[in-house]
Amino acid sequence: MKKHVILVAGYEYHHGRTNLTRLCKQRANVILHQRASWHNDAEVKFTLFDVKNGQIETGRVNRNQIDWSLERDDFDAIDDGSHYTAERHFVQRETDVISVTDAYKYLQDVGNNDSGTLHEFTLLGHGWRGGPVLVNSYQRSDYLRNGSNAMARDPWDKDGRQKDTNLTNMGMVEWQRFVQAFNGSGHVWVWGCASSRLFKTVILKVLRSPEFGNKRYGSHVDTDTFTLRFNRSFAEEYFGYDTLFFFRSRTSSAITELSLTRTFREVKDFLIRGMVHTYAAQMAYNTGVKVYAALPGTGADYERGGRANRRVMVVPKNTSVYGYGYNSILRFYKTYLSMQEDPEQRGYALYDPLQITRWKSG
């Protein structure tokens with residue numbers, strides 16, 4: 001039976017030195033290493049979208065290794081001089097640079113021709129809560145939340161968006177093909193960051209509050225209250241992102257207090273709203289496919305240690321290796337919101353479709 005893995009390597013738009021295509025190939029090595037039954041299986045096919053070079057490569061297993069060959073090279077390769085502004089924003093014009101939608105279309109073809117054979121769809125590069133960043137493109141105003149065409153994708157945009165899997169952007173036939181491509185254990189893995197200062201700050205303020213420290217970890221209940229103090233610069237930048245939490249009203253906007261008392265239920269609901277509105281959660285909810293991605297308030301880094309040809313990315317937990325870590329934030333999500341870590345223990349979280357559905361309907 002055929003077995004597909006689709007990998008998308010974004011472009012390191014900050015300075016272009018990190019080879020994300022190589023990291024995708026190292027991810028393919030990890031997948032092959034994990035599956036002994038694939039080691040000499042001619043039915044295994046890795047497909048790699050190389051955004052930087054405008055190419056699609058095919059990987060076939062040969063004596064426990066993957067041999068890569070060129071499948072297509074008719075996309076535009078990234079050219080810093082013509083594709084980026086001085087601010088490192090991708091230009092807002094039509095280009096033939098690979099888009100995340102090109103990978104979606106390829107995935108849909110798998111669903112149409114080889115239903116139930118896709119084991120992993122990996123999106124590797126920079127990221128934020130709103131989706132994987134392939135080139136750092138920006139939507140035009142018509143396609144933003146309050147724009148006249150807000151539900152649709154900007155055809156000039158290359159990055160992943162929360163709205164990608166709604167029926168405006170995938171018609172029913174395309175959506176069905178997308179969903180039916182996945183094997184029963186198939187999943188999406190979004191490797192970038194979700195390092196929002198907003199969510200990290202709130203969690204750390206709760207953890208450092210006297211009220212939290214007065215009880216045993218894990219014993220806090222929804223009615224417990226915490227006093228959270230913010231400075232004005234933080235308030236002016238972030239309070240508007242969740243007026244229900246910071247103002248207890250969706251319409252309030254005046255910053256009249258910087259010291260807030262909130263119940264643990266309110267804190268958890270704030271974090272749930274943050275998770276539900278991520279690309280990962282929307283993908284899981286709309287497709288029913290499990291998604292692994294970073295949690296709001298955590299960042300990702302390039303893996304250190306282990307076999308060099310199987311290094312990918314992690315959410316740092318070992319401070320002696322990375323100099324920083326997100327253990328306290330991960331533990332909080334696991335303990336109080338029942339979020340599960342990825343099966344490889346890389347610090348990413350499982351966005352479970354059933355859990356997301358319960359949250360959205362609750």
# chains A, B, ... in the order shown; residues from 1 in each chain; ligands from 1
>>> select_by_dssp(residues="segment 83-321 of chain A", states="strand (DSSP E)", output="MDAnalysis selection string")
chainID A and resid 118:124 126:128 131:133 182:190 225:229 259:263 290:293 301:302 313:314
>>> residues_around(residues="His126 of chain A", least_positions_apart="5", cutoff="7 Å", atoms="only C-alpha atoms", output="JSON, numbers by chain")
{"A": [132, 133, 134, 192, 193]}
>>> write_last_selection(atoms="N, CA and C atoms", output="JSON list (two decimals), in the first residue's frame")
[["chain", "number", "residue", "atom", "x", "y", "z"],
["A", 132, "PRO", "N", 1.71, 28.94, 9.92],
["A", 132, "PRO", "CA", 3.11, 28.80, 9.51],
["A", 132, "PRO", "C", 3.52, 29.95, 8.60],
["A", 133, "VAL", "N", 4.73, 30.46, 8.83],
["A", 133, "VAL", "CA", 5.26, 31.57, 8.04],
["A", 133, "VAL", "C", 6.24, 30.99, 7.02],
["A", 134, "LEU", "N", 5.82, 30.91, 5.77],
["A", 134, "LEU", "CA", 6.69, 30.36, 4.73],
["A", 134, "LEU", "C", 7.62, 31.43, 4.17],
["A", 192, "GLY", "N", 6.78, 25.75, 13.68],
["A", 192, "GLY", "CA", 7.24, 27.08, 14.09],
["A", 192, "GLY", "C", 6.82, 27.48, 15.49],
["A", 193, "CYS", "N", 7.07, 28.74, 15.82],
["A", 193, "CYS", "CA", 6.78, 29.30, 17.14],
["A", 193, "CYS", "C", 5.31, 29.67, 17.29]]
>>> closest_atom_pairs(of="segment 242-279 of chain A", to="segment 287-294 of chain A", cutoff="10 Å", atoms="only C-alpha atoms", output="JSON lines")
{"residue": "A:Met275", "atom": "CA", "partner": "A:Ala294", "partner_atom": "CA", "distance": 9.8}
{"residue": "A:Thr278", "atom": "CA", "partner": "A:Ala293", "partner_atom": "CA", "distance": 9.5}
{"residue": "A:Tyr279", "atom": "CA", "partner": "A:Ala293", "partner_atom": "CA", "distance": 9.1}
>>> closest_atom_pairs(of="segment 33-144 of chain A", to="segment 2-23 of chain A", cutoff="8 Å", atoms="only C-alpha atoms", output="CSV")
residue,atom,partner,partner_atom,distance
A:Glu43,CA,A:Lys2,CA,4.7
A:Val44,CA,A:Lys3,CA,4.7
A:Lys45,CA,A:His4,CA,5.0
A:Phe46,CA,A:Val5,CA,4.8
A:Thr47,CA,A:Ile6,CA,4.8
A:Leu48,CA,A:Leu7,CA,4.7
A:Phe49,CA,A:Val8,CA,4.6
A:Asp50,CA,A:Ala9,CA,5.2
A:Val51,CA,A:Gly10,CA,5.4
A:Lys52,CA,A:Tyr11,CA,5.3
A:Arg88,CA,A:Tyr13,CA,6.9
A:Val100,CA,A:Val8,CA,7.9
A:Ala103,CA,A:Val8,CA,7.3
A:Leu107,CA,A:Ile6,CA,7.5
A:Asp114,CA,A:Lys2,CA,7.3
A:Thr117,CA,A:Lys3,CA,5.0
A:Leu118,CA,A:His4,CA,4.6
A:His119,CA,A:Val5,CA,5.7
A:Glu120,CA,A:Val5,CA,5.1
A:Phe121,CA,A:Ile6,CA,4.9
A:Thr122,CA,A:Leu7,CA,4.7
A:Leu123,CA,A:Val8,CA,4.9
A:Leu124,CA,A:Ala9,CA,5.2
A:Gly125,CA,A:Gly10,CA,4.9
A:His126,CA,A:Gly10,CA,7.5
A:Val133,CA,A:Gly10,CA,7.0
A:Leu134,CA,A:Gly10,CA,4.1
A:Val135,CA,A:Tyr11,CA,5.5
A:Asn136,CA,A:Tyr13,CA,7.1
>>> residues_around(residues="Thr243 of chain A", least_positions_apart="3", cutoff="12 Å", atoms="only C-alpha atoms", output="list of chain:residue names")
A:Ala235, A:Glu236, A:Tyr238, A:Phe239, A:Gly240, A:Phe246, A:Phe247, A:Arg248, A:Ser249, A:Arg250, A:Thr251, A:Ser252, A:Ser253, A:Ala254, A:Ile255, A:Phe270, A:Arg273
>>> write_last_selection(atoms="C-alpha atoms", output="PDB file, in the first residue's frame")
ATOM      1  CA  ALA A 235      -1.771  47.178  28.629  1.00  0.00           C
ATOM      2  CA  GLU A 236      -1.751  49.584  25.705  1.00  0.00           C
ATOM      3  CA  TYR A 238      -2.134  43.848  24.451  1.00  0.00           C
ATOM      4  CA  PHE A 239      -5.342  44.520  26.399  1.00  0.00           C
ATOM      5  CA  GLY A 240      -7.271  44.999  23.166  1.00  0.00           C
ATOM      6  CA  PHE A 246      -8.874  42.368  30.421  1.00  0.00           C
ATOM      7  CA  PHE A 247     -12.081  44.422  30.566  1.00  0.00           C
ATOM      8  CA  ARG A 248     -14.734  41.700  31.159  1.00  0.00           C
ATOM      9  CA  SER A 249     -16.564  43.215  28.221  1.00  0.00           C
ATOM     10  CA  ARG A 250     -16.174  42.796  24.483  1.00  0.00           C
ATOM     11  CA  THR A 251     -16.918  46.483  23.930  1.00  0.00           C
ATOM     12  CA  SER A 252     -14.792  48.178  26.591  1.00  0.00           C
ATOM     13  CA  SER A 253     -11.585  49.820  25.507  1.00  0.00           C
ATOM     14  CA  ALA A 254     -10.562  52.400  28.106  1.00  0.00           C
ATOM     15  CA  ILE A 255      -7.646  51.278  30.264  1.00  0.00           C
ATOM     16  CA  PHE A 270      -8.616  33.271  28.206  1.00  0.00           C
ATOM     17  CA  ARG A 273      -9.727  31.350  23.432  1.00  0.00           C
TER      18      ARG A 273
END
>>> select_by_dssp(residues="segment 80-269 of chain A", states="helix (DSSP H, G or I)", output="PyMOL selection string")
chain A and resi 80-83+100-113+141-143+162-165+172-180+197-207+210-213+232-241+243-246+264-269
>>> residues_around(residues="Leu228 of chain A", least_positions_apart="6", cutoff="8 Å", atoms="only C-alpha atoms", output="list in words")
Val202, Lys205, Val206, Ser209, Ser259, Leu260, Thr261 and Arg262 of chain A
>>> atom_distance(atom1="atom CA of Phe230 of chain A", atom2="atom CA of Leu258 of chain A")
5.3 Å
>>> atom_distance(atom1="atom CA of Arg229 of chain A", atom2="atom CA of Leu330 of chain A")
22.2 Å
